[in-house]
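Below is the file data17.cif, which contains mmCIF, N, CA and C atoms and all ligand atoms.
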data_protein
#
loop_
_atom_site.label_atom_id
_atom_site.label_comp_id
_atom_site.auth_asym_id
_atom_site.auth_seq_id
_atom_site.Cartn_x
_atom_site.Cartn_y
_atom_site.Cartn_z
N MET A 1 113.69 123.36 99.96
CA MET A 1 114.97 123.45 100.67
C MET A 1 116.04 122.69 99.90
N LYS A 2 116.80 123.40 99.11
CA LYS A 2 117.82 122.76 98.28
C LYS A 2 118.98 122.24 99.11
N GLU A 3 119.26 122.89 100.22
CA GLU A 3 120.45 122.53 101.01
C GLU A 3 120.33 121.15 101.62
N ARG A 4 119.07 120.74 101.84
CA ARG A 4 118.87 119.47 102.53
C ARG A 4 119.34 118.29 101.69
N GLY A 5 120.04 117.37 102.31
CA GLY A 5 120.47 116.19 101.60
C GLY A 5 121.78 116.43 100.85
N TYR A 6 122.32 117.62 100.95
CA TYR A 6 123.56 117.92 100.29
C TYR A 6 124.71 117.27 101.05
N VAL A 7 125.52 116.51 100.35
CA VAL A 7 126.65 115.84 100.97
C VAL A 7 127.93 116.37 100.35
N ARG A 8 128.85 116.74 101.18
CA ARG A 8 130.13 117.24 100.66
C ARG A 8 130.82 116.11 99.91
N PRO A 9 131.47 116.42 98.81
CA PRO A 9 132.13 115.36 98.01
C PRO A 9 133.06 114.51 98.84
N TYR A 10 133.77 115.13 99.77
CA TYR A 10 134.70 114.38 100.60
C TYR A 10 133.94 113.30 101.39
N ASP A 11 132.83 113.68 101.99
CA ASP A 11 132.05 112.73 102.78
C ASP A 11 131.55 111.58 101.92
N LYS A 12 131.13 111.93 100.72
CA LYS A 12 130.61 110.94 99.80
C LYS A 12 131.69 109.90 99.50
N GLU A 13 132.88 110.42 99.24
CA GLU A 13 134.01 109.55 98.93
C GLU A 13 134.32 108.66 100.14
N TRP A 14 134.31 109.27 101.31
CA TRP A 14 134.60 108.52 102.54
C TRP A 14 133.57 107.41 102.71
N ARG A 15 132.32 107.73 102.48
CA ARG A 15 131.25 106.75 102.65
C ARG A 15 131.40 105.59 101.68
N ARG A 16 131.75 105.93 100.46
CA ARG A 16 131.91 104.89 99.45
C ARG A 16 133.07 103.98 99.84
N ARG A 17 134.17 104.59 100.24
CA ARG A 17 135.36 103.83 100.61
C ARG A 17 135.10 102.90 101.78
N ASN A 18 134.30 103.37 102.72
CA ASN A 18 134.05 102.60 103.92
C ASN A 18 132.83 101.69 103.81
N ASN A 19 132.35 101.59 102.61
CA ASN A 19 131.21 100.71 102.37
C ASN A 19 130.00 101.12 103.20
N TYR A 20 129.93 102.41 103.44
CA TYR A 20 128.90 102.96 104.32
C TYR A 20 127.49 102.56 103.88
N TYR A 21 127.23 102.61 102.59
CA TYR A 21 125.87 102.39 102.11
C TYR A 21 125.41 100.94 102.22
N ASN A 22 126.36 100.04 102.44
CA ASN A 22 125.96 98.64 102.56
C ASN A 22 125.81 98.19 104.00
N ARG A 23 126.01 99.12 104.91
CA ARG A 23 125.84 98.74 106.32
C ARG A 23 124.37 98.50 106.61
N PRO A 24 124.08 97.44 107.37
CA PRO A 24 122.67 97.11 107.62
C PRO A 24 121.91 98.25 108.28
N GLU A 25 122.53 98.96 109.23
CA GLU A 25 121.78 100.01 109.93
C GLU A 25 121.47 101.17 108.98
N VAL A 26 122.37 101.41 108.03
CA VAL A 26 122.13 102.48 107.06
C VAL A 26 121.01 102.09 106.12
N LYS A 27 121.04 100.85 105.69
CA LYS A 27 119.98 100.35 104.80
C LYS A 27 118.62 100.40 105.48
N ARG A 28 118.60 100.02 106.73
CA ARG A 28 117.35 100.01 107.48
C ARG A 28 116.81 101.43 107.62
N ARG A 29 117.72 102.36 107.95
CA ARG A 29 117.30 103.76 108.10
C ARG A 29 116.74 104.30 106.80
N GLU A 30 117.39 103.95 105.71
CA GLU A 30 116.96 104.39 104.39
C GLU A 30 115.55 103.87 104.09
N LYS A 31 115.32 102.61 104.42
CA LYS A 31 114.02 102.00 104.20
C LYS A 31 112.95 102.71 105.03
N GLU A 32 113.28 103.00 106.28
CA GLU A 32 112.33 103.70 107.15
C GLU A 32 111.99 105.07 106.60
N ARG A 33 113.01 105.73 106.04
CA ARG A 33 112.80 107.05 105.49
C ARG A 33 111.83 106.97 104.31
N ILE A 34 112.00 105.97 103.48
CA ILE A 34 111.13 105.80 102.32
C ILE A 34 109.69 105.54 102.76
N VAL A 35 109.50 104.68 103.75
CA VAL A 35 108.16 104.39 104.26
C VAL A 35 107.53 105.66 104.81
N ARG A 36 108.32 106.43 105.56
CA ARG A 36 107.81 107.68 106.12
C ARG A 36 107.39 108.63 105.02
N ASP A 37 108.19 108.70 103.95
CA ASP A 37 107.87 109.59 102.84
C ASP A 37 106.59 109.17 102.15
N ILE A 38 106.38 107.86 102.00
CA ILE A 38 105.17 107.38 101.35
C ILE A 38 103.94 107.82 102.14
N VAL A 39 104.01 107.68 103.45
CA VAL A 39 102.90 108.10 104.31
C VAL A 39 102.64 109.59 104.13
N LYS A 40 103.72 110.34 104.04
CA LYS A 40 103.64 111.78 103.85
C LYS A 40 102.96 112.12 102.52
N TYR A 41 103.40 111.48 101.44
CA TYR A 41 102.82 111.73 100.13
C TYR A 41 101.35 111.38 100.10
N LYS A 42 101.02 110.25 100.72
CA LYS A 42 99.62 109.83 100.75
C LYS A 42 98.77 110.87 101.45
N ALA A 43 99.30 111.43 102.52
CA ALA A 43 98.56 112.46 103.26
C ALA A 43 98.33 113.68 102.37
N ARG A 44 99.34 114.06 101.59
CA ARG A 44 99.17 115.20 100.67
C ARG A 44 98.15 114.91 99.60
N TRP A 45 98.23 113.71 99.07
CA TRP A 45 97.27 113.33 98.02
C TRP A 45 95.85 113.36 98.57
N ALA A 46 95.69 112.87 99.78
CA ALA A 46 94.36 112.83 100.39
C ALA A 46 93.78 114.25 100.47
N VAL A 47 94.60 115.21 100.85
CA VAL A 47 94.13 116.59 100.95
C VAL A 47 93.81 117.14 99.57
N ALA A 48 94.68 116.86 98.59
CA ALA A 48 94.45 117.35 97.22
C ALA A 48 93.15 116.78 96.67
N ALA A 49 92.90 115.50 96.92
CA ALA A 49 91.68 114.86 96.43
C ALA A 49 90.46 115.46 97.13
N GLU A 50 90.62 115.72 98.39
CA GLU A 50 89.52 116.29 99.17
C GLU A 50 89.15 117.67 98.63
N ILE A 51 90.14 118.47 98.28
CA ILE A 51 89.91 119.80 97.71
C ILE A 51 89.22 119.67 96.36
N ARG A 52 89.70 118.73 95.57
CA ARG A 52 89.24 118.59 94.21
C ARG A 52 87.84 117.99 94.11
N TYR A 53 87.61 116.91 94.86
CA TYR A 53 86.35 116.18 94.67
C TYR A 53 85.31 116.46 95.74
N ARG A 54 85.74 116.89 96.88
CA ARG A 54 84.76 117.06 97.95
C ARG A 54 84.64 118.51 98.40
N GLY A 55 85.29 119.38 97.65
CA GLY A 55 85.10 120.78 97.92
C GLY A 55 85.68 121.29 99.22
N LEU A 56 86.73 120.61 99.68
CA LEU A 56 87.41 121.13 100.87
C LEU A 56 88.00 122.49 100.51
N ARG A 57 87.81 123.46 101.39
CA ARG A 57 88.28 124.80 101.10
C ARG A 57 89.59 125.08 101.81
N ARG A 58 90.50 125.68 101.07
CA ARG A 58 91.70 126.20 101.68
C ARG A 58 91.32 127.32 102.64
N GLN A 59 91.92 127.34 103.80
CA GLN A 59 91.60 128.35 104.79
C GLN A 59 92.76 129.33 104.92
N PRO A 60 92.47 130.52 105.43
CA PRO A 60 93.59 131.42 105.71
C PRO A 60 94.45 130.86 106.84
N CYS A 61 95.66 131.36 106.96
CA CYS A 61 96.60 130.86 107.97
C CYS A 61 96.00 130.90 109.37
N ALA A 62 96.08 129.76 110.04
CA ALA A 62 95.49 129.65 111.38
C ALA A 62 96.25 130.50 112.39
N ALA A 63 97.49 130.84 112.07
CA ALA A 63 98.30 131.60 113.02
C ALA A 63 98.26 133.10 112.78
N CYS A 64 98.31 133.52 111.48
CA CYS A 64 98.39 134.96 111.22
C CYS A 64 97.35 135.48 110.25
N GLY A 65 96.55 134.57 109.67
CA GLY A 65 95.47 135.01 108.80
C GLY A 65 95.86 135.27 107.36
N ALA A 66 97.12 135.03 106.99
CA ALA A 66 97.55 135.24 105.62
C ALA A 66 96.88 134.23 104.70
N SER A 67 96.77 134.61 103.41
CA SER A 67 96.20 133.64 102.46
C SER A 67 97.35 132.85 101.85
N ASN A 68 97.07 132.05 100.86
CA ASN A 68 98.09 131.21 100.22
C ASN A 68 98.74 130.27 101.24
N THR A 69 97.95 129.37 101.71
CA THR A 69 98.39 128.50 102.80
C THR A 69 98.74 127.08 102.34
N HIS A 70 99.45 126.42 103.17
CA HIS A 70 99.73 124.98 103.03
C HIS A 70 98.83 124.22 103.98
N ALA A 71 98.58 122.95 103.65
CA ALA A 71 97.90 122.08 104.61
C ALA A 71 98.98 121.42 105.44
N HIS A 72 99.02 121.77 106.69
CA HIS A 72 100.02 121.18 107.57
C HIS A 72 99.44 119.98 108.31
N HIS A 73 100.18 118.90 108.30
CA HIS A 73 99.75 117.69 108.99
C HIS A 73 100.47 117.56 110.32
N ALA A 74 99.72 117.54 111.38
CA ALA A 74 100.32 117.29 112.68
C ALA A 74 100.65 115.82 112.77
N ASP A 75 99.85 115.00 112.09
CA ASP A 75 100.05 113.56 112.11
C ASP A 75 99.70 113.02 110.72
N TYR A 76 100.70 112.50 110.04
CA TYR A 76 100.48 112.03 108.67
C TYR A 76 99.56 110.83 108.62
N LEU A 77 99.38 110.18 109.74
CA LEU A 77 98.49 109.03 109.76
C LEU A 77 97.04 109.46 109.85
N LYS A 78 96.82 110.76 110.07
CA LYS A 78 95.47 111.31 110.00
C LYS A 78 95.46 112.32 108.87
N PRO A 79 95.40 111.81 107.62
CA PRO A 79 95.63 112.66 106.45
C PRO A 79 94.65 113.81 106.29
N LEU A 80 93.47 113.68 106.85
CA LEU A 80 92.50 114.76 106.65
C LEU A 80 92.41 115.71 107.83
N LYS A 81 93.26 115.47 108.79
CA LYS A 81 93.31 116.39 109.91
C LYS A 81 94.46 117.36 109.64
N VAL A 82 94.11 118.49 109.05
CA VAL A 82 95.14 119.45 108.67
C VAL A 82 94.93 120.79 109.34
N ARG A 83 96.02 121.52 109.44
CA ARG A 83 95.96 122.90 109.89
C ARG A 83 96.44 123.74 108.73
N TRP A 84 95.73 124.80 108.42
CA TRP A 84 96.15 125.65 107.31
C TRP A 84 97.12 126.68 107.82
N LEU A 85 98.31 126.68 107.22
CA LEU A 85 99.34 127.62 107.65
C LEU A 85 100.02 128.24 106.43
N CYS A 86 100.34 129.52 106.51
CA CYS A 86 101.09 130.16 105.43
C CYS A 86 102.53 129.67 105.49
N VAL A 87 103.30 129.95 104.45
CA VAL A 87 104.67 129.45 104.35
C VAL A 87 105.47 129.80 105.60
N LYS A 88 105.33 131.05 106.03
CA LYS A 88 106.13 131.53 107.17
C LYS A 88 105.77 130.77 108.45
N CYS A 89 104.48 130.72 108.74
CA CYS A 89 104.04 130.06 109.97
C CYS A 89 104.28 128.55 109.90
N HIS A 90 104.21 128.03 108.69
CA HIS A 90 104.46 126.61 108.50
C HIS A 90 105.90 126.26 108.88
N ARG A 91 106.82 127.11 108.45
CA ARG A 91 108.23 126.92 108.81
C ARG A 91 108.40 126.95 110.31
N VAL A 92 107.79 127.95 110.92
CA VAL A 92 107.91 128.12 112.36
C VAL A 92 107.39 126.87 113.07
N GLU A 93 106.24 126.38 112.58
CA GLU A 93 105.63 125.21 113.19
C GLU A 93 106.56 124.00 113.11
N HIS A 94 107.18 123.83 111.97
CA HIS A 94 108.07 122.67 111.83
C HIS A 94 109.35 122.84 112.62
N ALA A 95 109.81 124.06 112.72
CA ALA A 95 111.01 124.31 113.53
C ALA A 95 110.69 123.99 114.98
N ARG A 96 109.48 124.34 115.39
CA ARG A 96 109.04 124.12 116.75
C ARG A 96 108.92 122.62 117.06
N THR A 97 108.36 121.88 116.13
CA THR A 97 108.15 120.46 116.38
C THR A 97 109.35 119.62 115.93
N ARG A 98 110.36 120.30 115.41
CA ARG A 98 111.61 119.63 114.99
C ARG A 98 111.37 118.45 114.08
N ARG A 99 110.56 118.66 113.08
CA ARG A 99 110.32 117.55 112.18
C ARG A 99 110.77 117.85 110.76
N GLY A 100 111.60 118.85 110.63
CA GLY A 100 112.07 119.19 109.30
C GLY A 100 110.95 119.81 108.49
N LEU A 101 111.15 119.98 107.22
CA LEU A 101 110.12 120.61 106.41
C LEU A 101 109.30 119.60 105.64
N GLY A 102 108.44 118.91 106.34
CA GLY A 102 107.45 118.09 105.66
C GLY A 102 106.30 119.00 105.31
N VAL A 103 105.11 118.46 105.19
CA VAL A 103 103.98 119.34 104.93
C VAL A 103 102.87 119.02 105.93
ZN ZN B 201 100.84 132.60 108.86
ZN ZN B 202 103.64 120.91 107.97
#

Represent the structure from my file as structure tokens, please.
Amino acid sequence: MKERGYVRPYDKEWRRRNNYYNRPEVKRREKERIVRDIVKYKARWAVAAEIRYRGLRRQPCAACGASNTHAHHADYLKPLKVRWLCVKCHRVEHARTRRGLGV
């Protein structure tokens, strides 16, 4: 998703002028986002390692049966608890749970 994180130049300028990035609440939010991303990456790595070393098999889409699936994590803190979903169903799932496009 290329559109995500796109900031209009005007907004960027406004933020810089208003010292937006140095505000404590903004810094805190940024830090939380980074921690969340690390957990997310770790969950992906865990699945990749499981496929590679322990022979975990990719499954067809749990919703429509298509192949070429992603491992979807309902909870990143349970890295090996995944649901296999194709790109389309994966999008739908994330739209439904309103968590953006993680994996
Ligand atoms: Zn599907
Ligand atoms: Zn997902």

* To do: For ligand ZN 202 (chain B), collect every residue having any atom at a distance of at most 12 Å from a ligand atom (counting only C-alpha atoms and all ligand atoms); output as JSON, numbers by chain.
  => {"A": [40, 43, 44, 69, 70, 71, 72, 73, 74, 75, 76, 79, 81, 82, 83, 84, 85, 86, 87, 88, 89, 90, 91, 92, 93, 94, 95, 96, 97, 98, 99, 100, 101, 102, 103]}

* Find the distance between atom C of Asp37 of chain A and atom N of Glu50 of chain A and write it in Å to one decimal. =>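 Computed distance, atom C of Asp37 of chain A to atom N of Glu50 of chain A, equals 17.7 Å.
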
* Please extract the residues at most 5 Å from ligand ZN 201 (chain B), counting all atoms listed in the file, and provide them as a list in words, using the chain letters and residue numbers of this document. =>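 Listed by chain and ascending number, the contacts are Cys61, Ala63, Cys64, Gly65, Ala66, Cys86 and Cys89 of chain A.
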
Atoms to include: N, CA and C atoms. Write the selected residues as a PDB file, in the frame of the given file.
ATOM      1  N   CYS A  61      95.660 131.360 106.960  1.00  0.00           N
ATOM      2  CA  CYS A  61      96.600 130.860 107.970  1.00  0.00           C
ATOM      3  C   CYS A  61      96.000 130.900 109.370  1.00  0.00           C
ATOM      4  N   ALA A  63      97.490 130.840 112.070  1.00  0.00           N
ATOM      5  CA  ALA A  63      98.300 131.600 113.020  1.00  0.00           C
ATOM      6  C   ALA A  63      98.260 133.100 112.780  1.00  0.00           C
ATOM      7  N   CYS A  64      98.310 133.520 111.480  1.00  0.00           N
ATOM      8  CA  CYS A  64      98.390 134.960 111.220  1.00  0.00           C
ATOM      9  C   CYS A  64      97.350 135.480 110.250  1.00  0.00           C
ATOM     10  N   GLY A  65      96.550 134.570 109.670  1.00  0.00           N
ATOM     11  CA  GLY A  65      95.470 135.010 108.800  1.00  0.00           C
ATOM     12  C   GLY A  65      95.860 135.270 107.360  1.00  0.00           C
ATOM     13  N   ALA A  66      97.120 135.030 106.990  1.00  0.00           N
ATOM     14  CA  ALA A  66      97.550 135.240 105.620  1.00  0.00           C
ATOM     15  C   ALA A  66      96.880 134.230 104.700  1.00  0.00           C
ATOM     16  N   CYS A  86     100.340 129.520 106.510  1.00  0.00           N
ATOM     17  CA  CYS A  86     101.090 130.160 105.430  1.00  0.00           C
ATOM     18  C   CYS A  86     102.530 129.670 105.490  1.00  0.00           C
ATOM     19  N   CYS A  89     104.480 130.720 108.740  1.00  0.00           N
ATOM     20  CA  CYS A  89     104.040 130.060 109.970  1.00  0.00           C
ATOM     21  C   CYS A  89     104.280 128.550 109.900  1.00  0.00           C
TER      22      CYS A  89
END

* Can you list, as an NGL selection string, all residues belonging to chain A that DSSP tags as strand (DSSP E)? => :A and (69-73 or 82-86)

DSSP helix (DSSP H, G or I) selection over segment 28-96 of chain A, as an mmCIF file with N, CA and C atoms, in the frame of the given file:
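The result, stored in selection_20.cif:
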data_model
loop_
_atom_site.group_PDB
_atom_site.id
_atom_site.type_symbol
_atom_site.label_atom_id
_atom_site.label_comp_id
_atom_site.auth_asym_id
_atom_site.auth_seq_id
_atom_site.Cartn_x
_atom_site.Cartn_y
_atom_site.Cartn_z
ATOM 1 N N ARG A 28 118.600 100.020 106.730
ATOM 2 C CA ARG A 28 117.350 100.010 107.480
ATOM 3 C C ARG A 28 116.810 101.430 107.620
ATOM 4 N N ARG A 29 117.720 102.360 107.950
ATOM 5 C CA ARG A 29 117.300 103.760 108.100
ATOM 6 C C ARG A 29 116.740 104.300 106.800
ATOM 7 N N GLU A 30 117.390 103.950 105.710
ATOM 8 C CA GLU A 30 116.960 104.390 104.390
ATOM 9 C C GLU A 30 115.550 103.870 104.090
ATOM 10 N N LYS A 31 115.320 102.610 104.420
ATOM 11 C CA LYS A 31 114.020 102.000 104.200
ATOM 12 C C LYS A 31 112.950 102.710 105.030
ATOM 13 N N GLU A 32 113.280 103.000 106.280
ATOM 14 C CA GLU A 32 112.330 103.700 107.150
ATOM 15 C C GLU A 32 111.990 105.070 106.600
ATOM 16 N N ARG A 33 113.010 105.730 106.040
ATOM 17 C CA ARG A 33 112.800 107.050 105.490
ATOM 18 C C ARG A 33 111.830 106.970 104.310
ATOM 19 N N ILE A 34 112.000 105.970 103.480
ATOM 20 C CA ILE A 34 111.130 105.800 102.320
ATOM 21 C C ILE A 34 109.690 105.540 102.760
ATOM 22 N N VAL A 35 109.500 104.680 103.750
ATOM 23 C CA VAL A 35 108.160 104.390 104.260
ATOM 24 C C VAL A 35 107.530 105.660 104.810
ATOM 25 N N ARG A 36 108.320 106.430 105.560
ATOM 26 C CA ARG A 36 107.810 107.680 106.120
ATOM 27 C C ARG A 36 107.390 108.630 105.020
ATOM 28 N N ASP A 37 108.190 108.700 103.950
ATOM 29 C CA ASP A 37 107.870 109.590 102.840
ATOM 30 C C ASP A 37 106.590 109.170 102.150
ATOM 31 N N ILE A 38 106.380 107.860 102.000
ATOM 32 C CA ILE A 38 105.170 107.380 101.350
ATOM 33 C C ILE A 38 103.940 107.820 102.140
ATOM 34 N N VAL A 39 104.010 107.680 103.450
ATOM 35 C CA VAL A 39 102.900 108.100 104.310
ATOM 36 C C VAL A 39 102.640 109.590 104.130
ATOM 37 N N LYS A 40 103.720 110.340 104.040
ATOM 38 C CA LYS A 40 103.640 111.780 103.850
ATOM 39 C C LYS A 40 102.960 112.120 102.520
ATOM 40 N N TYR A 41 103.400 111.480 101.440
ATOM 41 C CA TYR A 41 102.820 111.730 100.130
ATOM 42 C C TYR A 41 101.350 111.380 100.100
ATOM 43 N N LYS A 42 101.020 110.250 100.720
ATOM 44 C CA LYS A 42 99.620 109.830 100.750
ATOM 45 C C LYS A 42 98.770 110.870 101.450
ATOM 46 N N ALA A 43 99.300 111.430 102.520
ATOM 47 C CA ALA A 43 98.560 112.460 103.260
ATOM 48 C C ALA A 43 98.330 113.680 102.370
ATOM 49 N N ARG A 44 99.340 114.060 101.590
ATOM 50 C CA ARG A 44 99.170 115.200 100.670
ATOM 51 C C ARG A 44 98.150 114.910 99.600
ATOM 52 N N TRP A 45 98.230 113.710 99.070
ATOM 53 C CA TRP A 45 97.270 113.330 98.020
ATOM 54 C C TRP A 45 95.850 113.360 98.570
ATOM 55 N N ALA A 46 95.690 112.870 99.780
ATOM 56 C CA ALA A 46 94.360 112.830 100.390
ATOM 57 C C ALA A 46 93.780 114.250 100.470
ATOM 58 N N VAL A 47 94.600 115.210 100.850
ATOM 59 C CA VAL A 47 94.130 116.590 100.950
ATOM 60 C C VAL A 47 93.810 117.140 99.570
ATOM 61 N N ALA A 48 94.680 116.860 98.590
ATOM 62 C CA ALA A 48 94.450 117.350 97.220
ATOM 63 C C ALA A 48 93.150 116.780 96.670
ATOM 64 N N ALA A 49 92.900 115.500 96.920
ATOM 65 C CA ALA A 49 91.680 114.860 96.430
ATOM 66 C C ALA A 49 90.460 115.460 97.130
ATOM 67 N N GLU A 50 90.620 115.720 98.390
ATOM 68 C CA GLU A 50 89.520 116.290 99.170
ATOM 69 C C GLU A 50 89.150 117.670 98.630
ATOM 70 N N ILE A 51 90.140 118.470 98.280
ATOM 71 C CA ILE A 51 89.910 119.800 97.710
ATOM 72 C C ILE A 51 89.220 119.670 96.360
ATOM 73 N N ARG A 52 89.700 118.730 95.570
ATOM 74 C CA ARG A 52 89.240 118.590 94.210
ATOM 75 C C ARG A 52 87.840 117.990 94.110
ATOM 76 N N TYR A 53 87.610 116.910 94.860
ATOM 77 C CA TYR A 53 86.350 116.180 94.670
ATOM 78 C C TYR A 53 85.310 116.460 95.740
ATOM 79 N N ARG A 54 85.740 116.890 96.880
ATOM 80 C CA ARG A 54 84.760 117.060 97.950
ATOM 81 C C ARG A 54 84.640 118.510 98.400
ATOM 82 N N VAL A 87 103.300 129.950 104.450
ATOM 83 C CA VAL A 87 104.670 129.450 104.350
ATOM 84 C C VAL A 87 105.470 129.800 105.600
ATOM 85 N N LYS A 88 105.330 131.050 106.030
ATOM 86 C CA LYS A 88 106.130 131.530 107.170
ATOM 87 C C LYS A 88 105.770 130.770 108.450
ATOM 88 N N CYS A 89 104.480 130.720 108.740
ATOM 89 C CA CYS A 89 104.040 130.060 109.970
ATOM 90 C C CYS A 89 104.280 128.550 109.900
ATOM 91 N N HIS A 90 104.210 128.030 108.690
ATOM 92 C CA HIS A 90 104.460 126.610 108.500
ATOM 93 C C HIS A 90 105.900 126.260 108.880
ATOM 94 N N ARG A 91 106.820 127.110 108.450
ATOM 95 C CA ARG A 91 108.230 126.920 108.810
ATOM 96 C C ARG A 91 108.400 126.950 110.310
ATOM 97 N N VAL A 92 107.790 127.950 110.920
ATOM 98 C CA VAL A 92 107.910 128.120 112.360
ATOM 99 C C VAL A 92 107.390 126.870 113.070
ATOM 100 N N GLU A 93 106.240 126.380 112.580
ATOM 101 C CA GLU A 93 105.630 125.210 113.190
ATOM 102 C C GLU A 93 106.560 124.000 113.110
ATOM 103 N N HIS A 94 107.180 123.830 111.970
ATOM 104 C CA HIS A 94 108.070 122.670 111.830
ATOM 105 C C HIS A 94 109.350 122.840 112.620
ATOM 106 N N ALA A 95 109.810 124.060 112.720
ATOM 107 C CA ALA A 95 111.010 124.310 113.530
ATOM 108 C C ALA A 95 110.690 123.990 114.980
ATOM 109 N N ARG A 96 109.480 124.340 115.390
ATOM 110 C CA ARG A 96 109.040 124.120 116.750
ATOM 111 C C ARG A 96 108.920 122.620 117.060
#

Six-sided padding of 3 Å per side, axis-aligned box over segment 59-62 of chain A, centre and edges in Å, one decimal, as AutoDock Vina command-line options:
--center_x 94.1 --center_y 129.4 --center_z 108.1 --size_x 11.0 --size_y 10.1 --size_z 14.6

* Asked: What does the distance between atom CA of Arg54 of chain A and atom CA of Ile34 of chain A come to in Å, to one decimal place?
  ->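 A separation of 29.0 Å between them.
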
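Atom C of Lys78 of chain A is found 24.4 Å from atom N of Arg29 of chain A.
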